[in-house]
2 protein chains.
Amino acid sequence: MKNQLLFVIAFFVLTSINSFSQQALWGAQSIVSPEVRADHTVTFRIQASAADTVQITGDFLPTAKMKTKWGVMDVPGKANLTKDDKGIWTFTTQPLGSDLYSYTVIIDGFKTTDPNNVYLIRDVASVFNVFIVGGGKGDLYQVTKVPHGSVTRRWYDSPGNGTARRMTIYTPAGYENSKEKYPVLYLLHGMGGDEEAWIALGRTSQILDNLIAQGKAKPMIVVMTNGNVAQEAAPGESSLGYTKPGMQMEHTMDGKFEETFPDVIKFIESNYRVKADKADRAIAGLSMGGYHSLHISRYYPNTFDYVGLFSAAIMPDQKATSKVYENIDGTLKTQLKNGYKLYWIGVGKADFLYKNISDYRAKLDGMGMKYTYRESEGGHTWTNWRVYLSEFAPLLFK
Amino acid sequence: MKNQLLFVIAFFVLTSINSFSQQALWGAQSIVSPEVRADHTVTFRIQASAADTVQITGDFLPTAKMKTKWGVMDVPGKANLTKDDKGIWTFTTQPLGSDLYSYTVIIDGFKTTDPNNVYLIRDVASVFNVFIVGGGKGDLYQVTKVPHGSVTRRWYDSPGNGTARRMTIYTPAGYENSKEKYPVLYLLHGMGGDEEAWIALGRTSQILDNLIAQGKAKPMIVVMTNGNVAQEAAPGESSLGYTKPGMQMEHTMDGKFEETFPDVIKFIESNYRVKADKADRAIAGLSMGGYHSLHISRYYPNTFDYVGLFSAAIMPDQKATSKVYENIDGTLKTQLKNGYKLYWIGVGKADFLYKNISDYRAKLDGMGMKYTYRESEGGHTWTNWRVYLSEFAPLLFK
């Protein structure tokens with residue numbers, strides 16, 4: 001083996017054939033998809049010469065109306081790709097605003113991912129491609145040349161759940177080489193998510209790296225738990241194997257997660273260099289994670305000075321019998337009396353939880369419980385949750 | 001919102017429509033793919049009613065012969081799925097040996113992944129599905145109920161490369177709560193891989209967790225670097241954005257990685273509780289990573305007591321002018337004179353590098369340089385590299 005080029009060729013030919021793991025490298029040299037241009041248009045290219053129709057669907061396309069048994073709903077539109085004489089299908093968008101977008105590909109009705117885009121994210125049991133258009137808020141979601149925090153997947157004992165459980169922990173740049181103690185944001189995912197959700201779809205490490213480097217947020221530790229107490233960990237990361245679909249939703253909103261949350265705090269405060277006091281603890285979450293944040297923060301009413309409810313579900317099932325849900329108003333009053341620095345509520349105008357959140361705000365108003373309210377466009381989407389995190393984090397620990 | 005069931009339904013309907021991120025959860029309830037049975041047969045199911053042909057290709061199917069300009073080669077076979085009256089295509093394998101297997105799906109000639117299997121791994125620029133058949137060596141690749149190490153993605157400064165770079169670090173269970181110092185295995189990926197390769201495809205954390213829990217391997221730190229000096233980090237994790245295909249192969253085998261490897265060791269030894277001596281350092285890698293391990297271990301000939309060459313590329317390009325490749329024989333002799341505890345060479349009988357490795361063994365024999373030789377079935381595959389790691393790790397630091 002005297003010639004590197006020959007080695008490279010042989011390597012790719014043979015390994016691509018033996019393990020079919022490298023062939024896309026060659027394929028990708030002629031097909032770039034998606035191509036994000038300087039003018040913010042984006043072109044998608046799919047090689048599928050035998051297909052009759054190729055479409056994409058994504059959150060950057062104009063929405064369409066769909067009739068469901070719950071009424072007429074806005075759904076992401078589809079775009080038809082056009083085939084050229086080489087069997088390559090293409091579609092180019094209008095100029096897009098700066099953001100992180102997601103999409104899937106539909107080949108003759110079969111929904112799948114773009115084989116030329118290795119940037120895939122799993123959410124619940126679904127996988128899709130993503131891309132970022134920079135030049136605006138999307139820049140906050142990019143990896144940039146700033147000091148980077150570390151991201152660790154770590155297991156902790158949860159005696160309350162009788163098992164070890166997995167969490168994702170962001171420590172800011174410099175944590176390992178300082179003697180400083182840091183404040184902690186506990187950041188909770190929504191229904192169907194797990195300890196991978198905020199780091200993958202939420203872009204937590206990129207948002208925090210960038211905000212901290214810009215001096216807009218204080219260096220902080222971010223703890224992303226798994227809120228599904230029936231799981232140890234995300235699919236494939238658990239000794240339960242590939243948790244059967246739907247299983248992660250058992251016991252998610254029945255009080256068990258809230259009851260056992262002190263296991264999480266105890267682990268963090270005895271394993272990390274943190275400021276273990278109310279002024280240096282924040283809790284926030286999206287949807288079900290907002291529900292968890294609401295109930296954890298009032299059930300342990302002298303624990304968090306900062307609370308963030310992002311498109312939060314609000315009230316428990318009437319059948320939920322956990323003591324966590326007894327005396328909701330009383331514990332809120334105690335939380336109010338104990339004091340806090342920020343109670344932040346964000347929701348999109350089109351969110352299906354909008355009315356519930358309005359009702360909850362009316363309740364808080366009636367109690368004289370102050371909060372900061374942020375109403376955005378759009379609905380119950382990661383697009384909004386990334387924005388909420390980007391706005392909430394700079395308000396913490398000031 | 002008084003009823004959790006209604007919330008769950010509304011959540012899934014609305015979020016699946018708004019962000020098309022949850023719908024697979026419902027879909028997956030009726031379609032399980034792959035289904036691994038107790039008898040080790042595996043059934044694949046794909047819903048694609050409009051397709052004319054649906055196939056899978058994977059490393060568990062009998063190989064076929066393909067004529068290429070480099071000669072006739074073994075390629076993974078394909079299996080045709082059969083359509084039922086609901087438009088669901090299925091295929092069931094013969095009973096498979098216990099292992100981790102990979103596959104992709106081909107719909108009317110379009111290669112993609114199985115939408116019902118969230119267990120995807122990226123290698124280079126290609127994404128495929130994997131599954132594990134237990135009851136044998138595959139058990140070592142499963143997450144099991146043993147103490148788990150932590151896995152951290154962390155950035156380090158590489159002054160030799162003039163940039164920050166990303167690495168993946170496995171610390172064994174108990175590391176954080178002990179005062180003990182640990183030995184370190186530096187584990188290097190192959191061409192086209194990056195700092196994600198060993199942890200994803202190599203199953204490093206599962207193999208180490210299991211071997212350590214079984215008392216078969218010493219607790220050790222495993223450092224998985226990015227060996228492509230033109231990259232900062234894996235695709236999507238770098239400020240360079242989505243590194244263009246092939247870019248990661250620039251400057252991979254020209255001496256630069258070997259020259260700047262002391263940056264890695266220095267970072268680890270000044271940031272982790274490690275035993276910083278030759279007896280507690282091992283270096284191993286696959287293919288190009290074996291090449292790097294060979295050259296790093298002889299160029300710094302008193303640094304590693306343990307060296308592992310897994311299907312290693314051996315000799316540099318004749319045009320490579322780095323001082324790293326001057327005096328190869330002389331530095332090997334120095335390495336021999338300085339002494340080492342284990343020089344381990346593994347290769348598959350069908351590997352395209354088999355002859356080169358035989359030639360290298362003859363050279364070592366001629367020099368009286370002892371090594372342990374492991375010849376396996378198969379070729380240049382992750383199947384072999386996982387086995388080599390499983391056999392090599394127990395020999396370290398004894």
# chains A, B, ... in the order shown; residues from 1 in each chain; ligands from 1
$ residues_around --residues "Pro172 of chain B" --least-positions-apart "3" --cutoff "9 Å" --atoms "only C-alpha atoms" --output "list of chain:residue names"
B:Pro147, B:His148, B:Gly149, B:Ser150, B:Val151, B:Tyr175, B:Glu176, B:Ser205, B:Leu208, B:Asp209, B:Ile212, B:Pro219, B:Met220, B:Ile221, B:Val222
$ select_by_dssp --residues "segment 149-256 of chain B" --states "strand (DSSP E)" --output "PyMOL selection string"
chain B and resi 150-158+163-171+184-188+221-224
$ write_last_selection --atoms "N, CA and C atoms" --output "PDB file, in the first residue's frame"
ATOM      1  N   SER B 150     -20.247   7.631  31.778  1.00  0.00           N
ATOM      2  CA  SER B 150     -20.772   8.861  31.181  1.00  0.00           C
ATOM      3  C   SER B 150     -20.085   9.091  29.849  1.00  0.00           C
ATOM      4  N   VAL B 151     -20.812   9.710  28.925  1.00  0.00           N
ATOM      5  CA  VAL B 151     -20.247  10.017  27.609  1.00  0.00           C
ATOM      6  C   VAL B 151     -20.365  11.524  27.378  1.00  0.00           C
ATOM      7  N   THR B 152     -19.233  12.166  27.179  1.00  0.00           N
ATOM      8  CA  THR B 152     -19.192  13.624  27.061  1.00  0.00           C
ATOM      9  C   THR B 152     -18.620  14.037  25.718  1.00  0.00           C
ATOM     10  N   ARG B 153     -19.322  14.966  25.070  1.00  0.00           N
ATOM     11  CA  ARG B 153     -18.760  15.636  23.904  1.00  0.00           C
ATOM     12  C   ARG B 153     -18.120  16.907  24.415  1.00  0.00           C
ATOM     13  N   ARG B 154     -16.831  17.041  24.146  1.00  0.00           N
ATOM     14  CA  ARG B 154     -16.085  18.148  24.732  1.00  0.00           C
ATOM     15  C   ARG B 154     -15.097  18.710  23.715  1.00  0.00           C
ATOM     16  N   TRP B 155     -14.872  20.004  23.791  1.00  0.00           N
ATOM     17  CA  TRP B 155     -13.941  20.682  22.883  1.00  0.00           C
ATOM     18  C   TRP B 155     -12.606  20.892  23.573  1.00  0.00           C
ATOM     19  N   TYR B 156     -11.538  20.741  22.811  1.00  0.00           N
ATOM     20  CA  TYR B 156     -10.198  20.984  23.362  1.00  0.00           C
ATOM     21  C   TYR B 156      -9.441  21.882  22.395  1.00  0.00           C
ATOM     22  N   ASP B 157      -8.462  22.576  22.921  1.00  0.00           N
ATOM     23  CA  ASP B 157      -7.631  23.408  22.055  1.00  0.00           C
ATOM     24  C   ASP B 157      -6.549  22.556  21.431  1.00  0.00           C
ATOM     25  N   SER B 158      -6.403  22.695  20.135  1.00  0.00           N
ATOM     26  CA  SER B 158      -5.288  22.029  19.468  1.00  0.00           C
ATOM     27  C   SER B 158      -4.397  23.103  18.862  1.00  0.00           C
ATOM     28  N   THR B 163      -6.834  25.475  16.090  1.00  0.00           N
ATOM     29  CA  THR B 163      -8.290  25.523  16.231  1.00  0.00           C
ATOM     30  C   THR B 163      -8.727  24.729  17.456  1.00  0.00           C
ATOM     31  N   ALA B 164      -9.976  24.936  17.857  1.00  0.00           N
ATOM     32  CA  ALA B 164     -10.575  24.049  18.837  1.00  0.00           C
ATOM     33  C   ALA B 164     -11.131  22.851  18.089  1.00  0.00           C
ATOM     34  N   ARG B 165     -11.119  21.707  18.726  1.00  0.00           N
ATOM     35  CA  ARG B 165     -11.621  20.486  18.086  1.00  0.00           C
ATOM     36  C   ARG B 165     -12.475  19.725  19.096  1.00  0.00           C
ATOM     37  N   ARG B 166     -13.339  18.859  18.565  1.00  0.00           N
ATOM     38  CA  ARG B 166     -14.303  18.173  19.418  1.00  0.00           C
ATOM     39  C   ARG B 166     -13.897  16.724  19.616  1.00  0.00           C
ATOM     40  N   MET B 167     -14.087  16.206  20.802  1.00  0.00           N
ATOM     41  CA  MET B 167     -13.822  14.787  21.047  1.00  0.00           C
ATOM     42  C   MET B 167     -14.949  14.197  21.879  1.00  0.00           C
ATOM     43  N   THR B 168     -15.010  12.876  21.882  1.00  0.00           N
ATOM     44  CA  THR B 168     -15.980  12.153  22.697  1.00  0.00           C
ATOM     45  C   THR B 168     -15.211  11.389  23.753  1.00  0.00           C
ATOM     46  N   ILE B 169     -15.631  11.536  25.007  1.00  0.00           N
ATOM     47  CA  ILE B 169     -14.886  10.936  26.109  1.00  0.00           C
ATOM     48  C   ILE B 169     -15.819  10.052  26.929  1.00  0.00           C
ATOM     49  N   TYR B 170     -15.437   8.784  27.042  1.00  0.00           N
ATOM     50  CA  TYR B 170     -16.159   7.860  27.927  1.00  0.00           C
ATOM     51  C   TYR B 170     -15.410   7.796  29.245  1.00  0.00           C
ATOM     52  N   THR B 171     -16.107   8.104  30.340  1.00  0.00           N
ATOM     53  CA  THR B 171     -15.536   7.870  31.666  1.00  0.00           C
ATOM     54  C   THR B 171     -16.337   6.746  32.322  1.00  0.00           C
ATOM     55  N   VAL B 184      -5.967   5.212  30.298  1.00  0.00           N
ATOM     56  CA  VAL B 184      -6.665   5.800  29.148  1.00  0.00           C
ATOM     57  C   VAL B 184      -6.400   4.998  27.869  1.00  0.00           C
ATOM     58  N   LEU B 185      -7.494   4.687  27.190  1.00  0.00           N
ATOM     59  CA  LEU B 185      -7.410   4.121  25.835  1.00  0.00           C
ATOM     60  C   LEU B 185      -7.785   5.218  24.832  1.00  0.00           C
ATOM     61  N   TYR B 186      -6.881   5.538  23.942  1.00  0.00           N
ATOM     62  CA  TYR B 186      -7.172   6.449  22.828  1.00  0.00           C
ATOM     63  C   TYR B 186      -7.655   5.575  21.664  1.00  0.00           C
ATOM     64  N   LEU B 187      -8.853   5.844  21.191  1.00  0.00           N
ATOM     65  CA  LEU B 187      -9.506   4.941  20.236  1.00  0.00           C
ATOM     66  C   LEU B 187      -9.872   5.732  18.979  1.00  0.00           C
ATOM     67  N   LEU B 188      -9.256   5.362  17.865  1.00  0.00           N
ATOM     68  CA  LEU B 188      -9.274   6.211  16.664  1.00  0.00           C
ATOM     69  C   LEU B 188     -10.142   5.602  15.557  1.00  0.00           C
ATOM     70  N   ILE B 221     -10.698   5.170  30.964  1.00  0.00           N
ATOM     71  CA  ILE B 221     -11.269   6.262  30.187  1.00  0.00           C
ATOM     72  C   ILE B 221     -10.999   5.952  28.714  1.00  0.00           C
ATOM     73  N   VAL B 222     -11.967   6.196  27.859  1.00  0.00           N
ATOM     74  CA  VAL B 222     -11.757   5.995  26.424  1.00  0.00           C
ATOM     75  C   VAL B 222     -11.936   7.336  25.723  1.00  0.00           C
ATOM     76  N   VAL B 223     -10.932   7.737  24.978  1.00  0.00           N
ATOM     77  CA  VAL B 223     -10.926   9.037  24.303  1.00  0.00           C
ATOM     78  C   VAL B 223     -11.067   8.807  22.805  1.00  0.00           C
ATOM     79  N   MET B 224     -12.155   9.307  22.235  1.00  0.00           N
ATOM     80  CA  MET B 224     -12.431   9.110  20.812  1.00  0.00           C
ATOM     81  C   MET B 224     -12.294  10.457  20.106  1.00  0.00           C
TER      82      MET B 224
END
$ closest_residue --among "B:Asp277, B:Asp99, B:Asp139, B:Asp39" --to "Ser239 of chain A" --atoms "only C-alpha atoms"
B:Asp139
$ select_by_dssp --residues "segment 31-241 of chain A" --states "alpha helix (DSSP H)" --output "list in words"
Ala197, Trp198, Ile199, Ala200, Thr204, Ser205, Gln206, Ile207, Leu208, Asp209, Asn210, Leu211, Ile212 and Ala213 of chain A
$ residues_around --residues "segment 43-48 of chain B" --least-positions-apart "6" --cutoff "12 Å" --atoms "only C-alpha atoms" --output "ChimeraX atom specification"
/A:106-112 /B:24,27-28,30-37,54-58,79-96,103-108,112-117,129-131
$ closest_residue --among "B:Ser311, B:Ser178, B:Ser98, B:Thr260" --to "Gly160 of chain B" --atoms "only C-alpha atoms"
B:Thr260
$ closest_residue --among "B:His40, B:Lys370, B:His189, B:Lys355" --to "chain A" --atoms "only C-alpha atoms"
B:Lys355
$ closest_residue --among "B:Lys266, B:Lys333, B:His380, B:Lys179" --to "chain A" --atoms "only C-alpha atoms"
B:His380
$ atom_distance --atom1 "atom CA of Glu377 of chain A" --atom2 "atom CA of Lys349 of chain A"
5.4 Å
$ decode --residues "segment 166-210 of chain B" --atoms "N, CA and C atoms" --output "PDB file, in the first residue's frame"
ATOM      1  N   ARG B 166     -13.339  18.859  18.565  1.00  0.00           N
ATOM      2  CA  ARG B 166     -14.303  18.173  19.418  1.00  0.00           C
ATOM      3  C   ARG B 166     -13.897  16.724  19.616  1.00  0.00           C
ATOM      4  N   MET B 167     -14.087  16.206  20.802  1.00  0.00           N
ATOM      5  CA  MET B 167     -13.822  14.787  21.047  1.00  0.00           C
ATOM      6  C   MET B 167     -14.949  14.197  21.879  1.00  0.00           C
ATOM      7  N   THR B 168     -15.010  12.876  21.882  1.00  0.00           N
ATOM      8  CA  THR B 168     -15.980  12.153  22.697  1.00  0.00           C
ATOM      9  C   THR B 168     -15.211  11.389  23.753  1.00  0.00           C
ATOM     10  N   ILE B 169     -15.631  11.536  25.007  1.00  0.00           N
ATOM     11  CA  ILE B 169     -14.886  10.936  26.109  1.00  0.00           C
ATOM     12  C   ILE B 169     -15.819  10.052  26.929  1.00  0.00           C
ATOM     13  N   TYR B 170     -15.437   8.784  27.042  1.00  0.00           N
ATOM     14  CA  TYR B 170     -16.159   7.860  27.927  1.00  0.00           C
ATOM     15  C   TYR B 170     -15.410   7.796  29.245  1.00  0.00           C
ATOM     16  N   THR B 171     -16.107   8.104  30.340  1.00  0.00           N
ATOM     17  CA  THR B 171     -15.536   7.870  31.666  1.00  0.00           C
ATOM     18  C   THR B 171     -16.337   6.746  32.322  1.00  0.00           C
ATOM     19  N   PRO B 172     -15.644   5.790  32.940  1.00  0.00           N
ATOM     20  CA  PRO B 172     -16.357   4.607  33.445  1.00  0.00           C
ATOM     21  C   PRO B 172     -17.237   4.947  34.641  1.00  0.00           C
ATOM     22  N   ALA B 173     -18.214   4.101  34.901  1.00  0.00           N
ATOM     23  CA  ALA B 173     -19.099   4.278  36.068  1.00  0.00           C
ATOM     24  C   ALA B 173     -18.240   4.487  37.308  1.00  0.00           C
ATOM     25  N   GLY B 174     -18.580   5.475  38.096  1.00  0.00           N
ATOM     26  CA  GLY B 174     -17.861   5.719  39.341  1.00  0.00           C
ATOM     27  C   GLY B 174     -16.750   6.741  39.228  1.00  0.00           C
ATOM     28  N   TYR B 175     -16.384   7.095  37.989  1.00  0.00           N
ATOM     29  CA  TYR B 175     -15.283   8.052  37.805  1.00  0.00           C
ATOM     30  C   TYR B 175     -15.513   9.329  38.602  1.00  0.00           C
ATOM     31  N   GLU B 176     -16.730   9.868  38.489  1.00  0.00           N
ATOM     32  CA  GLU B 176     -16.991  11.192  39.068  1.00  0.00           C
ATOM     33  C   GLU B 176     -16.944  11.184  40.586  1.00  0.00           C
ATOM     34  N   ASN B 177     -17.197  10.023  41.180  1.00  0.00           N
ATOM     35  CA  ASN B 177     -17.269   9.993  42.640  1.00  0.00           C
ATOM     36  C   ASN B 177     -16.118   9.251  43.288  1.00  0.00           C
ATOM     37  N   SER B 178     -15.013   9.168  42.579  1.00  0.00           N
ATOM     38  CA  SER B 178     -13.853   8.516  43.189  1.00  0.00           C
ATOM     39  C   SER B 178     -12.681   9.490  43.146  1.00  0.00           C
ATOM     40  N   LYS B 179     -11.624   9.149  43.863  1.00  0.00           N
ATOM     41  CA  LYS B 179     -10.409   9.950  43.781  1.00  0.00           C
ATOM     42  C   LYS B 179      -9.331   9.193  43.006  1.00  0.00           C
ATOM     43  N   GLU B 180      -9.730   8.031  42.530  1.00  0.00           N
ATOM     44  CA  GLU B 180      -8.823   7.153  41.812  1.00  0.00           C
ATOM     45  C   GLU B 180      -8.359   7.774  40.492  1.00  0.00           C
ATOM     46  N   LYS B 181      -7.162   7.405  40.075  1.00  0.00           N
ATOM     47  CA  LYS B 181      -6.705   7.781  38.737  1.00  0.00           C
ATOM     48  C   LYS B 181      -6.895   6.590  37.801  1.00  0.00           C
ATOM     49  N   TYR B 182      -7.221   6.901  36.564  1.00  0.00           N
ATOM     50  CA  TYR B 182      -7.600   5.846  35.616  1.00  0.00           C
ATOM     51  C   TYR B 182      -6.627   5.768  34.440  1.00  0.00           C
ATOM     52  N   PRO B 183      -6.479   4.589  33.855  1.00  0.00           N
ATOM     53  CA  PRO B 183      -5.736   4.479  32.590  1.00  0.00           C
ATOM     54  C   PRO B 183      -6.603   4.954  31.413  1.00  0.00           C
ATOM     55  N   VAL B 184      -5.967   5.212  30.298  1.00  0.00           N
ATOM     56  CA  VAL B 184      -6.665   5.800  29.148  1.00  0.00           C
ATOM     57  C   VAL B 184      -6.400   4.998  27.869  1.00  0.00           C
ATOM     58  N   LEU B 185      -7.494   4.687  27.190  1.00  0.00           N
ATOM     59  CA  LEU B 185      -7.410   4.121  25.835  1.00  0.00           C
ATOM     60  C   LEU B 185      -7.785   5.218  24.832  1.00  0.00           C
ATOM     61  N   TYR B 186      -6.881   5.538  23.942  1.00  0.00           N
ATOM     62  CA  TYR B 186      -7.172   6.449  22.828  1.00  0.00           C
ATOM     63  C   TYR B 186      -7.655   5.575  21.664  1.00  0.00           C
ATOM     64  N   LEU B 187      -8.853   5.844  21.191  1.00  0.00           N
ATOM     65  CA  LEU B 187      -9.506   4.941  20.236  1.00  0.00           C
ATOM     66  C   LEU B 187      -9.872   5.732  18.979  1.00  0.00           C
ATOM     67  N   LEU B 188      -9.256   5.362  17.865  1.00  0.00           N
ATOM     68  CA  LEU B 188      -9.274   6.211  16.664  1.00  0.00           C
ATOM     69  C   LEU B 188     -10.142   5.602  15.557  1.00  0.00           C
ATOM     70  N   HIS B 189     -10.879   6.459  14.873  1.00  0.00           N
ATOM     71  CA  HIS B 189     -11.810   6.014  13.829  1.00  0.00           C
ATOM     72  C   HIS B 189     -11.103   5.841  12.478  1.00  0.00           C
ATOM     73  N   GLY B 190     -11.851   5.334  11.513  1.00  0.00           N
ATOM     74  CA  GLY B 190     -11.332   5.121  10.167  1.00  0.00           C
ATOM     75  C   GLY B 190     -11.626   6.287   9.237  1.00  0.00           C
ATOM     76  N   MET B 191     -11.187   6.121   7.998  1.00  0.00           N
ATOM     77  CA  MET B 191     -11.367   7.183   7.010  1.00  0.00           C
ATOM     78  C   MET B 191     -12.850   7.495   6.813  1.00  0.00           C
ATOM     79  N   GLY B 192     -13.163   8.776   6.833  1.00  0.00           N
ATOM     80  CA  GLY B 192     -14.556   9.169   6.658  1.00  0.00           C
ATOM     81  C   GLY B 192     -15.324   9.238   7.962  1.00  0.00           C
ATOM     82  N   GLY B 193     -14.800   8.627   9.015  1.00  0.00           N
ATOM     83  CA  GLY B 193     -15.472   8.695  10.313  1.00  0.00           C
ATOM     84  C   GLY B 193     -15.132   9.989  11.033  1.00  0.00           C
ATOM     85  N   ASP B 194     -15.557  10.071  12.267  1.00  0.00           N
ATOM     86  CA  ASP B 194     -15.255  11.244  13.082  1.00  0.00           C
ATOM     87  C   ASP B 194     -15.447  10.862  14.545  1.00  0.00           C
ATOM     88  N   GLU B 195     -15.534  11.859  15.415  1.00  0.00           N
ATOM     89  CA  GLU B 195     -15.583  11.595  16.862  1.00  0.00           C
ATOM     90  C   GLU B 195     -16.873  10.923  17.303  1.00  0.00           C
ATOM     91  N   GLU B 196     -17.816  10.734  16.389  1.00  0.00           N
ATOM     92  CA  GLU B 196     -19.060  10.023  16.712  1.00  0.00           C
ATOM     93  C   GLU B 196     -19.005   8.540  16.337  1.00  0.00           C
ATOM     94  N   ALA B 197     -18.007   8.138  15.559  1.00  0.00           N
ATOM     95  CA  ALA B 197     -18.036   6.804  14.954  1.00  0.00           C
ATOM     96  C   ALA B 197     -17.951   5.673  15.974  1.00  0.00           C
ATOM     97  N   TRP B 198     -16.967   5.712  16.845  1.00  0.00           N
ATOM     98  CA  TRP B 198     -16.794   4.606  17.793  1.00  0.00           C
ATOM     99  C   TRP B 198     -17.947   4.526  18.794  1.00  0.00           C
ATOM    100  N   ILE B 199     -18.499   5.693  19.177  1.00  0.00           N
ATOM    101  CA  ILE B 199     -19.554   5.656  20.189  1.00  0.00           C
ATOM    102  C   ILE B 199     -20.867   5.154  19.572  1.00  0.00           C
ATOM    103  N   ALA B 200     -21.088   5.462  18.282  1.00  0.00           N
ATOM    104  CA  ALA B 200     -22.342   5.059  17.635  1.00  0.00           C
ATOM    105  C   ALA B 200     -22.222   3.642  17.064  1.00  0.00           C
ATOM    106  N   LEU B 201     -21.366   3.481  16.073  1.00  0.00           N
ATOM    107  CA  LEU B 201     -21.236   2.177  15.426  1.00  0.00           C
ATOM    108  C   LEU B 201     -20.382   1.208  16.214  1.00  0.00           C
ATOM    109  N   GLY B 202     -19.404   1.742  16.934  1.00  0.00           N
ATOM    110  CA  GLY B 202     -18.487   0.882  17.679  1.00  0.00           C
ATOM    111  C   GLY B 202     -19.071   0.394  18.995  1.00  0.00           C
ATOM    112  N   ARG B 203     -20.166   1.000  19.437  1.00  0.00           N
ATOM    113  CA  ARG B 203     -20.828   0.626  20.699  1.00  0.00           C
ATOM    114  C   ARG B 203     -19.852   0.653  21.871  1.00  0.00           C
ATOM    115  N   THR B 204     -18.909   1.595  21.842  1.00  0.00           N
ATOM    116  CA  THR B 204     -17.875   1.649  22.869  1.00  0.00           C
ATOM    117  C   THR B 204     -18.439   1.694  24.281  1.00  0.00           C
ATOM    118  N   SER B 205     -19.432   2.550  24.509  1.00  0.00           N
ATOM    119  CA  SER B 205     -19.887   2.704  25.896  1.00  0.00           C
ATOM    120  C   SER B 205     -20.593   1.440  26.372  1.00  0.00           C
ATOM    121  N   GLN B 206     -21.349   0.780  25.470  1.00  0.00           N
ATOM    122  CA  GLN B 206     -22.018  -0.455  25.886  1.00  0.00           C
ATOM    123  C   GLN B 206     -20.983  -1.568  26.141  1.00  0.00           C
ATOM    124  N   ILE B 207     -20.031  -1.703  25.225  1.00  0.00           N
ATOM    125  CA  ILE B 207     -19.006  -2.756  25.379  1.00  0.00           C
ATOM    126  C   ILE B 207     -18.217  -2.541  26.665  1.00  0.00           C
ATOM    127  N   LEU B 208     -17.792  -1.301  26.912  1.00  0.00           N
ATOM    128  CA  LEU B 208     -16.998  -1.037  28.116  1.00  0.00           C
ATOM    129  C   LEU B 208     -17.831  -1.192  29.384  1.00  0.00           C
ATOM    130  N   ASP B 209     -19.048  -0.637  29.389  1.00  0.00           N
ATOM    131  CA  ASP B 209     -19.930  -0.812  30.561  1.00  0.00           C
ATOM    132  C   ASP B 209     -20.069  -2.296  30.901  1.00  0.00           C
ATOM    133  N   ASN B 210     -20.330  -3.104  29.871  1.00  0.00           N
ATOM    134  CA  ASN B 210     -20.576  -4.523  30.109  1.00  0.00           C
ATOM    135  C   ASN B 210     -19.313  -5.267  30.524  1.00  0.00           C
TER     136      ASN B 210
END
